[in-house]
file coords-v1.cif (mmCIF, C-alpha atoms)
data_entry
loop_
_atom_site.label_atom_id
_atom_site.label_comp_id
_atom_site.auth_asym_id
_atom_site.auth_seq_id
_atom_site.Cartn_x
_atom_site.Cartn_y
_atom_site.Cartn_z
CA MET V 1 -10.75 -26.47 29.69
CA GLU V 2 -14.34 -25.36 29.02
CA ALA V 3 -13.03 -22.84 26.50
CA PHE V 4 -11.02 -25.52 24.72
CA TYR V 5 -14.05 -27.79 24.33
CA GLY V 6 -16.18 -24.85 23.27
CA ILE V 7 -13.74 -23.88 20.53
CA LEU V 8 -14.03 -27.42 19.15
CA ILE V 9 -17.83 -27.16 18.67
CA PRO V 10 -17.69 -25.43 15.24
CA PHE V 11 -15.11 -27.95 14.05
CA LEU V 12 -17.42 -30.75 15.18
CA GLY V 13 -20.23 -29.17 13.16
CA THR V 14 -18.08 -29.16 10.02
CA SER V 15 -17.05 -32.78 10.63
CA LEU V 16 -20.65 -33.92 11.09
CA GLY V 17 -21.65 -32.12 7.91
CA ALA V 18 -18.79 -33.75 6.00
CA ALA V 19 -19.97 -37.13 7.30
CA CYS V 20 -23.11 -36.75 5.17
CA VAL V 21 -21.04 -38.26 2.37
CA PHE V 22 -21.47 -41.65 4.06
CA PHE V 23 -25.28 -41.39 4.06
CA LEU V 24 -26.24 -39.36 0.98
CA LYS V 25 -25.57 -40.47 -2.57
CA LYS V 26 -26.29 -37.16 -4.29
CA THR V 27 -25.48 -33.55 -3.65
CA LEU V 28 -28.15 -31.35 -2.14
CA SER V 29 -30.53 -29.63 -4.53
CA ASP V 30 -29.80 -26.04 -5.52
CA ALA V 31 -32.82 -24.80 -3.59
CA VAL V 32 -31.67 -26.54 -0.40
CA GLN V 33 -28.09 -25.36 -0.83
CA ARG V 34 -29.20 -21.77 -1.30
CA ALA V 35 -31.44 -21.97 1.77
CA LEU V 36 -28.59 -23.37 3.88
CA THR V 37 -26.26 -20.68 2.57
CA GLY V 38 -28.79 -18.03 3.52
CA PHE V 39 -29.08 -19.55 7.00
CA ALA V 40 -25.29 -19.47 7.41
CA ALA V 41 -25.18 -15.84 6.29
CA GLY V 42 -27.85 -14.88 8.82
CA VAL V 43 -25.98 -16.58 11.66
CA MET V 44 -22.72 -14.86 10.73
CA VAL V 45 -24.26 -11.37 10.46
CA ALA V 46 -26.03 -11.68 13.81
CA ALA V 47 -22.89 -13.07 15.45
CA SER V 48 -20.86 -10.18 14.03
CA VAL V 49 -23.21 -7.65 15.61
CA TRP V 50 -24.21 -9.13 18.98
CA SER V 51 -21.18 -11.27 19.80
CA LEU V 52 -18.41 -9.09 18.34
CA LEU V 53 -19.16 -5.43 17.48
CA ILE V 54 -21.36 -4.61 20.47
CA PRO V 55 -18.86 -6.16 22.94
CA ALA V 56 -16.01 -4.36 21.12
CA ILE V 57 -17.71 -1.00 21.68
CA ALA V 58 -18.49 -1.91 25.30
CA GLN V 59 -14.84 -2.82 25.86
CA SER V 60 -13.88 0.69 24.71
CA ALA V 61 -16.35 2.52 26.97
CA ALA V 62 -13.51 4.44 28.62
CA LEU V 63 -13.09 6.39 25.36
CA GLY V 64 -16.49 8.01 25.82
CA ARG V 65 -18.03 9.29 22.59
CA TRP V 66 -15.04 7.82 20.71
CA SER V 67 -15.76 4.28 21.95
CA PHE V 68 -16.80 3.32 18.43
CA LEU V 69 -13.34 4.05 17.00
CA PRO V 70 -11.54 0.74 17.78
CA ALA V 71 -14.60 -1.14 16.49
CA VAL V 72 -14.68 0.78 13.21
CA LEU V 73 -10.94 0.59 12.57
CA GLY V 74 -10.68 -3.06 13.61
CA PHE V 75 -13.68 -3.85 11.40
CA TRP V 76 -11.89 -2.40 8.37
CA VAL V 77 -8.64 -4.20 9.18
CA GLY V 78 -10.61 -7.48 9.19
CA ILE V 79 -12.14 -6.65 5.81
CA LEU V 80 -8.77 -5.80 4.29
CA PHE V 81 -7.23 -8.95 5.76
CA LEU V 82 -9.78 -11.20 4.03
CA LEU V 83 -9.50 -9.15 0.84
CA ALA V 84 -5.74 -9.74 0.87
CA LEU V 85 -6.17 -13.49 1.44
CA ASP V 86 -8.63 -13.57 -1.45
CA HIS V 87 -5.95 -12.17 -3.73
CA ILE V 88 -2.93 -14.19 -2.58
CA ILE V 89 -4.44 -17.66 -2.03
CA PRO V 90 -5.80 -19.61 -5.01
CA HIS V 91 -9.28 -20.93 -4.24
CA LEU V 92 -12.46 -22.04 -5.97
CA HIS V 93 -16.01 -21.73 -4.71
CA ALA V 94 -18.17 -24.82 -5.19
CA LYS V 95 -20.58 -23.22 -7.68
CA SER V 96 -17.97 -21.23 -9.56
CA GLY V 97 -16.30 -22.33 -12.76
CA GLN V 98 -13.38 -19.92 -12.36
CA ALA V 99 -10.75 -19.95 -9.63
CA GLU V 100 -9.91 -16.79 -7.70
CA GLY V 101 -6.52 -15.53 -6.58
CA PRO V 102 -3.23 -16.10 -8.41
CA LYS V 103 -2.98 -18.68 -11.17
CA SER V 104 -2.19 -22.10 -9.80
CA ARG V 105 -1.79 -25.72 -10.82
CA LEU V 106 -3.54 -26.91 -7.70
CA GLN V 107 -6.29 -29.47 -8.20
CA ARG V 108 -9.88 -28.29 -8.27
CA THR V 109 -10.64 -30.22 -5.05
CA THR V 110 -7.75 -28.56 -3.23
CA MET V 111 -8.90 -25.09 -4.24
CA MET V 112 -12.47 -25.86 -3.14
CA VAL V 113 -11.17 -26.82 0.29
CA LEU V 114 -9.07 -23.63 0.42
CA ALA V 115 -12.18 -21.54 -0.33
CA VAL V 116 -14.06 -22.93 2.67
CA THR V 117 -10.91 -22.74 4.81
CA LEU V 118 -10.67 -18.99 4.16
CA HIS V 119 -14.32 -18.71 5.12
CA ASN V 120 -13.70 -20.52 8.41
CA ILE V 121 -10.79 -18.37 9.67
CA PRO V 122 -12.92 -15.48 11.03
CA GLU V 123 -15.42 -17.93 12.50
CA GLY V 124 -12.69 -19.61 14.53
CA MET V 125 -11.44 -16.21 15.68
CA ALA V 126 -14.94 -15.13 16.70
CA VAL V 127 -15.52 -18.22 18.85
CA GLY V 128 -12.07 -18.00 20.43
CA LEU V 129 -12.61 -14.33 21.33
CA ALA V 130 -16.02 -15.10 22.82
CA PHE V 131 -14.44 -17.63 25.17
CA ALA V 132 -11.61 -15.20 25.95
CA LEU V 133 -14.29 -12.71 27.08
CA ALA V 134 -16.05 -15.46 29.05
CA ALA V 135 -12.82 -16.18 30.90
CA GLU V 136 -12.92 -12.57 32.11
CA GLY V 137 -16.44 -12.91 33.47
CA GLU V 138 -18.49 -11.84 30.44
CA GLY V 139 -20.60 -15.01 30.56
CA MET V 140 -19.71 -18.51 29.44
CA ALA V 141 -23.26 -19.13 28.20
CA GLY V 142 -22.94 -16.38 25.58
CA ALA V 143 -19.70 -17.88 24.26
CA ALA V 144 -21.32 -21.30 24.16
CA ALA V 145 -24.27 -19.82 22.24
CA LEU V 146 -21.93 -18.38 19.62
CA ALA V 147 -20.02 -21.67 19.32
CA LEU V 148 -23.31 -23.54 18.95
CA GLY V 149 -24.64 -21.11 16.35
CA ILE V 150 -21.46 -21.32 14.27
CA GLY V 151 -21.44 -25.10 14.70
CA ILE V 152 -24.99 -25.38 13.38
CA GLN V 153 -24.22 -23.31 10.30
CA ASN V 154 -21.06 -25.38 9.73
CA LEU V 155 -23.13 -28.53 9.19
CA PRO V 156 -24.18 -27.59 5.65
CA GLU V 157 -20.69 -26.22 4.95
CA GLY V 158 -19.10 -29.59 5.64
CA ALA V 159 -21.64 -31.28 3.39
CA ALA V 160 -21.07 -28.66 0.68
CA ILE V 161 -17.45 -29.79 0.47
CA SER V 162 -17.69 -33.58 0.87
CA LEU V 163 -20.71 -34.27 -1.34
CA PRO V 164 -19.45 -32.45 -4.48
CA LEU V 165 -16.04 -34.10 -4.03
CA ARG V 166 -17.74 -37.50 -3.94
CA GLN V 167 -19.66 -36.62 -7.11
CA GLU V 168 -16.37 -35.72 -8.81
CA GLY V 169 -14.97 -39.18 -8.11
CA SER V 170 -13.28 -38.95 -4.72
CA SER V 171 -13.75 -41.85 -2.35
CA ARG V 172 -16.09 -41.33 0.58
CA GLY V 173 -13.17 -41.41 3.00
CA ARG V 174 -11.17 -38.81 1.08
CA ALA V 175 -14.21 -36.56 0.62
CA PHE V 176 -14.93 -36.76 4.36
CA LEU V 177 -11.29 -36.05 5.24
CA LEU V 178 -11.07 -32.98 3.00
CA GLY V 179 -14.40 -31.67 4.26
CA THR V 180 -13.19 -32.08 7.83
CA LEU V 181 -9.82 -30.47 7.12
CA SER V 182 -11.55 -27.36 5.79
CA GLY V 183 -12.81 -26.74 9.33
CA SER V 184 -9.52 -27.45 11.09
CA VAL V 185 -8.49 -23.78 10.93
CA GLU V 186 -11.33 -22.85 13.30
CA PRO V 187 -9.89 -24.37 16.50
CA ILE V 188 -6.37 -23.32 15.43
CA PHE V 189 -7.27 -19.65 15.00
CA GLY V 190 -9.60 -19.83 18.00
CA ILE V 191 -6.77 -20.92 20.29
CA LEU V 192 -4.36 -18.37 18.76
CA VAL V 193 -6.62 -15.39 19.44
CA VAL V 194 -7.32 -16.61 22.99
CA LEU V 195 -3.57 -16.60 23.64
CA VAL V 196 -3.11 -13.16 22.07
CA ALA V 197 -6.08 -11.66 23.90
CA ALA V 198 -4.87 -13.06 27.22
CA GLY V 199 -1.40 -11.60 26.69
CA VAL V 200 -2.44 -8.14 25.44
CA ARG V 201 -5.75 -7.20 27.05
CA PRO V 202 -6.12 -3.74 25.36
CA LEU V 203 -6.23 -5.48 21.96
CA MET V 204 -9.57 -7.16 22.72
CA PRO V 205 -11.83 -4.50 21.10
CA TRP V 206 -9.65 -4.53 18.00
CA LEU V 207 -9.64 -8.32 17.77
CA LEU V 208 -13.41 -8.54 18.23
CA SER V 209 -14.11 -6.01 15.49
CA PHE V 210 -11.42 -7.55 13.27
CA ALA V 211 -13.27 -10.89 13.38
CA ALA V 212 -16.57 -9.11 12.69
CA GLY V 213 -15.17 -7.34 9.63
CA ALA V 214 -13.72 -10.58 8.28
CA MET V 215 -17.04 -12.40 8.73
CA ILE V 216 -19.09 -9.65 7.12
CA TYR V 217 -16.67 -9.65 4.18
CA VAL V 218 -17.27 -13.39 3.71
CA VAL V 219 -21.04 -12.91 3.87
CA ILE V 220 -21.14 -10.11 1.29
CA GLU V 221 -18.45 -11.40 -1.05
CA GLU V 222 -19.38 -15.09 -1.03
CA LEU V 223 -22.60 -16.08 0.70
CA VAL V 224 -25.01 -13.40 -0.53
CA PRO V 225 -24.20 -14.03 -4.22
CA GLU V 226 -24.54 -17.79 -3.71
CA MET V 227 -27.88 -17.56 -1.95
CA SER V 228 -29.27 -15.17 -4.56
CA GLU V 229 -28.18 -16.76 -7.83
CA GLY V 230 -30.66 -18.51 -10.09
CA GLY V 231 -34.42 -18.37 -9.80
CA HIS V 232 -36.29 -16.88 -6.87
CA SER V 233 -34.27 -16.40 -3.72
CA ASN V 234 -37.27 -16.22 -1.37
CA ARG V 235 -36.31 -19.41 0.49
CA ALA V 236 -32.75 -18.26 0.93
CA THR V 237 -33.94 -14.87 2.19
CA ILE V 238 -36.27 -16.48 4.73
CA ALA V 239 -33.48 -18.85 5.78
CA PHE V 240 -31.23 -15.81 6.30
CA MET V 241 -33.83 -14.30 8.63
CA VAL V 242 -34.17 -17.60 10.51
CA GLY V 243 -30.41 -17.88 10.98
CA PHE V 244 -30.17 -14.23 12.05
CA CYS V 245 -32.98 -14.55 14.60
CA LEU V 246 -31.66 -17.86 15.93
CA MET V 247 -28.18 -16.44 16.56
CA MET V 248 -29.58 -13.24 18.03
CA THR V 249 -31.88 -15.25 20.34
CA LEU V 250 -29.11 -17.57 21.52
CA ASP V 251 -26.78 -14.66 22.23
CA VAL V 252 -29.32 -12.53 24.10
CA MET V 253 -30.95 -15.38 26.07
CA LEU V 254 -27.71 -17.11 27.03
CA GLY V 255 -25.34 -14.13 26.99
#

call {"tool": "encode", "arguments": {"input": "coords-v1.cif", "output": "structure tokens"}}
result
Amino acid sequence: MEAFYGILIPFLGTSLGAACVFFLKKTLSDAVQRALTGFAAGVMVAASVWSLLIPAIAQSAALGRWSFLPAVLGFWVGILFLLALDHIIPHLHAKSGQAEGPKSRLQRTTMMVLAVTLHNIPEGMAVGLAFALAAEGEGMAGAAALALGIGIQNLPEGAAISLPLRQEGSSRGRAFLLGTLSGSVEPIFGILVVLVAAGVRPLMPWLLSFAAGAMIYVVIEELVPEMSEGGHSNRATIAFMVGFCLMMTLDVMLG
């Protein structure tokens, strides 16, 4: 039951961020958005290393000097998985004027939600895997730290969906609903990987590194360009370092 509630924390973060549409009349400034994007990127990179790749290598310790192999291969499978989704699912990033993926007649708002939904899949997997490890005695506090870190960085993500939708003419209720729905894949994929990991224990190193690869792909392909575009990116860079250090601190102190 603790794992179930923990998996819901990132979704709660997205929902709270989407609720900003009820309190703010305008979208966040570009400088603030870039700083929040940098923070999210820092959290995701640190989580990929300390909460996913390092445990994946530790889980493969029986392989000796080859213990890195499942982590490396799983990492690349995660990258290729997100690359494939990028090409087969039409989506539109908030600051982009051109949709990605196959041509589609989907509304702009729908494709914006799909973009964030793709982003949230590896995050849900990462949190679910952390709680799967915790169930085996790896430490519930570390899993809770990861869920909290992802939940914190989901706050601006929820706002980044609901506020632009409101500016484009959507009602506050609809903007909130769509922002919330973009985070619904996190508990879904979190629960799925918990079930898979529990049923096939040897897959754990592969699943951990798979989630890490998928998250790093999102950071490099989406977040880094967004945090760096236009003007000086000093604030976004500092925010990245803050997010990285916060996630690293939570994982090490509570892990």

call {"tool": "resolve_selection", "arguments": {"input": "coords-v1.cif", "expression": "the PyMOL selection byres ((chain V and resi 195) around 12)", "output": "PDB file with C-alpha atoms, in the frame of the given file"}}
result
ATOM      1  CA  ALA V   3     -13.030 -22.840  26.500  1.00  0.00           C
ATOM      2  CA  PHE V   4     -11.020 -25.520  24.720  1.00  0.00           C
ATOM      3  CA  MET V 125     -11.440 -16.210  15.680  1.00  0.00           C
ATOM      4  CA  GLY V 128     -12.070 -18.000  20.430  1.00  0.00           C
ATOM      5  CA  LEU V 129     -12.610 -14.330  21.330  1.00  0.00           C
ATOM      6  CA  PHE V 131     -14.440 -17.630  25.170  1.00  0.00           C
ATOM      7  CA  ALA V 132     -11.610 -15.200  25.950  1.00  0.00           C
ATOM      8  CA  LEU V 133     -14.290 -12.710  27.080  1.00  0.00           C
ATOM      9  CA  ALA V 135     -12.820 -16.180  30.900  1.00  0.00           C
ATOM     10  CA  ILE V 188      -6.370 -23.320  15.430  1.00  0.00           C
ATOM     11  CA  PHE V 189      -7.270 -19.650  15.000  1.00  0.00           C
ATOM     12  CA  GLY V 190      -9.600 -19.830  18.000  1.00  0.00           C
ATOM     13  CA  ILE V 191      -6.770 -20.920  20.290  1.00  0.00           C
ATOM     14  CA  LEU V 192      -4.360 -18.370  18.760  1.00  0.00           C
ATOM     15  CA  VAL V 193      -6.620 -15.390  19.440  1.00  0.00           C
ATOM     16  CA  VAL V 194      -7.320 -16.610  22.990  1.00  0.00           C
ATOM     17  CA  VAL V 196      -3.110 -13.160  22.070  1.00  0.00           C
ATOM     18  CA  ALA V 197      -6.080 -11.660  23.900  1.00  0.00           C
ATOM     19  CA  ALA V 198      -4.870 -13.060  27.220  1.00  0.00           C
ATOM     20  CA  GLY V 199      -1.400 -11.600  26.690  1.00  0.00           C
ATOM     21  CA  VAL V 200      -2.440  -8.140  25.440  1.00  0.00           C
ATOM     22  CA  ARG V 201      -5.750  -7.200  27.050  1.00  0.00           C
ATOM     23  CA  LEU V 203      -6.230  -5.480  21.960  1.00  0.00           C
ATOM     24  CA  MET V 204      -9.570  -7.160  22.720  1.00  0.00           C
ATOM     25  CA  LEU V 207      -9.640  -8.320  17.770  1.00  0.00           C
TER      26      LEU V 207
END

call {"tool": "residues_near_point", "arguments": {"input": "coords-v1.cif", "point": "(-21.3, -33.2, -2.7)", "cutoff": "12 Å", "atoms": "all atoms listed in the file", "output": "PyMOL selection string"}}
result
chain V and resi 17-30+33+94-95+109+112+156-172+175-176+178-179

call {"tool": "write_last_selection", "arguments": {"input": "coords-v1.cif", "atoms": "C-alpha atoms", "output": "PDB file, in the coordinates of the input"}}
result
ATOM      1  CA  GLY V  17     -21.650 -32.120   7.910  1.00  0.00           C
ATOM      2  CA  ALA V  18     -18.790 -33.750   6.000  1.00  0.00           C
ATOM      3  CA  ALA V  19     -19.970 -37.130   7.300  1.00  0.00           C
ATOM      4  CA  CYS V  20     -23.110 -36.750   5.170  1.00  0.00           C
ATOM      5  CA  VAL V  21     -21.040 -38.260   2.370  1.00  0.00           C
ATOM      6  CA  PHE V  22     -21.470 -41.650   4.060  1.00  0.00           C
ATOM      7  CA  PHE V  23     -25.280 -41.390   4.060  1.00  0.00           C
ATOM      8  CA  LEU V  24     -26.240 -39.360   0.980  1.00  0.00           C
ATOM      9  CA  LYS V  25     -25.570 -40.470  -2.570  1.00  0.00           C
ATOM     10  CA  LYS V  26     -26.290 -37.160  -4.290  1.00  0.00           C
ATOM     11  CA  THR V  27     -25.480 -33.550  -3.650  1.00  0.00           C
ATOM     12  CA  LEU V  28     -28.150 -31.350  -2.140  1.00  0.00           C
ATOM     13  CA  SER V  29     -30.530 -29.630  -4.530  1.00  0.00           C
ATOM     14  CA  ASP V  30     -29.800 -26.040  -5.520  1.00  0.00           C
ATOM     15  CA  GLN V  33     -28.090 -25.360  -0.830  1.00  0.00           C
ATOM     16  CA  ALA V  94     -18.170 -24.820  -5.190  1.00  0.00           C
ATOM     17  CA  LYS V  95     -20.580 -23.220  -7.680  1.00  0.00           C
ATOM     18  CA  THR V 109     -10.640 -30.220  -5.050  1.00  0.00           C
ATOM     19  CA  MET V 112     -12.470 -25.860  -3.140  1.00  0.00           C
ATOM     20  CA  PRO V 156     -24.180 -27.590   5.650  1.00  0.00           C
ATOM     21  CA  GLU V 157     -20.690 -26.220   4.950  1.00  0.00           C
ATOM     22  CA  GLY V 158     -19.100 -29.590   5.640  1.00  0.00           C
ATOM     23  CA  ALA V 159     -21.640 -31.280   3.390  1.00  0.00           C
ATOM     24  CA  ALA V 160     -21.070 -28.660   0.680  1.00  0.00           C
ATOM     25  CA  ILE V 161     -17.450 -29.790   0.470  1.00  0.00           C
ATOM     26  CA  SER V 162     -17.690 -33.580   0.870  1.00  0.00           C
ATOM     27  CA  LEU V 163     -20.710 -34.270  -1.340  1.00  0.00           C
ATOM     28  CA  PRO V 164     -19.450 -32.450  -4.480  1.00  0.00           C
ATOM     29  CA  LEU V 165     -16.040 -34.100  -4.030  1.00  0.00           C
ATOM     30  CA  ARG V 166     -17.740 -37.500  -3.940  1.00  0.00           C
ATOM     31  CA  GLN V 167     -19.660 -36.620  -7.110  1.00  0.00           C
ATOM     32  CA  GLU V 168     -16.370 -35.720  -8.810  1.00  0.00           C
ATOM     33  CA  GLY V 169     -14.970 -39.180  -8.110  1.00  0.00           C
ATOM     34  CA  SER V 170     -13.280 -38.950  -4.720  1.00  0.00           C
ATOM     35  CA  SER V 171     -13.750 -41.850  -2.350  1.00  0.00           C
ATOM     36  CA  ARG V 172     -16.090 -41.330   0.580  1.00  0.00           C
ATOM     37  CA  ALA V 175     -14.210 -36.560   0.620  1.00  0.00           C
ATOM     38  CA  PHE V 176     -14.930 -36.760   4.360  1.00  0.00           C
ATOM     39  CA  LEU V 178     -11.070 -32.980   3.000  1.00  0.00           C
ATOM     40  CA  GLY V 179     -14.400 -31.670   4.260  1.00  0.00           C
TER      41      GLY V 179
END

call {"tool": "resolve_selection", "arguments": {"input": "coords-v1.cif", "expression": "the PyMOL selection byres ((chain V and resi 235) around 9)", "output": "MDAnalysis selection string"}}
result
chainID V and resid 31:32 34:35 38 227 232:234 236:240

call {"tool": "resolve_selection", "arguments": {"input": "coords-v1.cif", "expression": "the PyMOL selection byres ((chain V and resi 205) around 8)", "output": "PyMOL selection string"}}
result
chain V and resi 55-57+59-60+70-71+74+202-204+206-209

call {"tool": "write_last_selection", "arguments": {"input": "coords-v1.cif", "atoms": "C-alpha atoms", "output": "PDB file, in the frame of the given file"}}
result
ATOM      1  CA  PRO V  55     -18.860  -6.160  22.940  1.00  0.00           C
ATOM      2  CA  ALA V  56     -16.010  -4.360  21.120  1.00  0.00           C
ATOM      3  CA  ILE V  57     -17.710  -1.000  21.680  1.00  0.00           C
ATOM      4  CA  GLN V  59     -14.840  -2.820  25.860  1.00  0.00           C
ATOM      5  CA  SER V  60     -13.880   0.690  24.710  1.00  0.00           C
ATOM      6  CA  PRO V  70     -11.540   0.740  17.780  1.00  0.00           C
ATOM      7  CA  ALA V  71     -14.600  -1.140  16.490  1.00  0.00           C
ATOM      8  CA  GLY V  74     -10.680  -3.060  13.610  1.00  0.00           C
ATOM      9  CA  PRO V 202      -6.120  -3.740  25.360  1.00  0.00           C
ATOM     10  CA  LEU V 203      -6.230  -5.480  21.960  1.00  0.00           C
ATOM     11  CA  MET V 204      -9.570  -7.160  22.720  1.00  0.00           C
ATOM     12  CA  TRP V 206      -9.650  -4.530  18.000  1.00  0.00           C
ATOM     13  CA  LEU V 207      -9.640  -8.320  17.770  1.00  0.00           C
ATOM     14  CA  LEU V 208     -13.410  -8.540  18.230  1.00  0.00           C
ATOM     15  CA  SER V 209     -14.110  -6.010  15.490  1.00  0.00           C
TER      16      SER V 209
END

call {"tool": "atom_distance", "arguments": {"input": "coords-v1.cif", "atom1": "atom CA of V:Leu53", "atom2": "atom CA of V:Phe75"}}
result
8.3 Å

call {"tool": "atom_distance", "arguments": {"input": "coords-v1.cif", "atom1": "atom CA of V:Gly78", "atom2": "atom CA of V:Arg108"}}
result
27.2 Å

call {"tool": "residues_around", "arguments": {"input": "coords-v1.cif", "residues": "V:His91", "least_positions_apart": "6", "cutoff": "12 Å", "atoms": "only C-alpha atoms", "output": "ChimeraX atom specification"}}
result
/V:85,97-119

call {"tool": "closest_residue", "arguments": {"input": "coords-v1.cif", "among": "V:Ile7, V:Ile89, V:Glu226, V:Ala145", "to": "V:Ala46", "atoms": "only C-alpha atoms"}}
result
V:Ala145

call {"tool": "atom_distance", "arguments": {"input": "coords-v1.cif", "atom1": "atom CA of V:Ala126", "atom2": "atom CA of V:Ala211"}}
result
5.6 Å

call {"tool": "closest_residue", "arguments": {"input": "coords-v1.cif", "among": "V:Leu177, V:Leu82, V:Ala144, V:Val242", "to": "V:Leu8", "atoms": "all atoms listed in the file"}}
result
V:Ala144

call {"tool": "closest_residue", "arguments": {"input": "coords-v1.cif", "among": "V:Ile220, V:Thr180, V:Ile150, V:Leu254", "to": "V:Met44", "atoms": "only C-alpha atoms"}}
result
V:Ile150

call {"tool": "closest_residue", "arguments": {"input": "coords-v1.cif", "among": "V:Leu146, V:Leu16, V:Ile9, V:Met215", "to": "V:Met248", "atoms": "all atoms listed in the file"}}
result
V:Leu146

call {"tool": "residues_around", "arguments": {"input": "coords-v1.cif", "residues": "V:Leu223", "least_positions_apart": "4", "cutoff": "10 Å", "atoms": "all atoms listed in the file", "output": "list in words"}}
result
Arg34, Leu36, Thr37, Gly38, Phe39, Ala40, Ala41, Gly42, His119, Ile216, Tyr217, Val218, Val219, Met227 and Ser228 of chain V
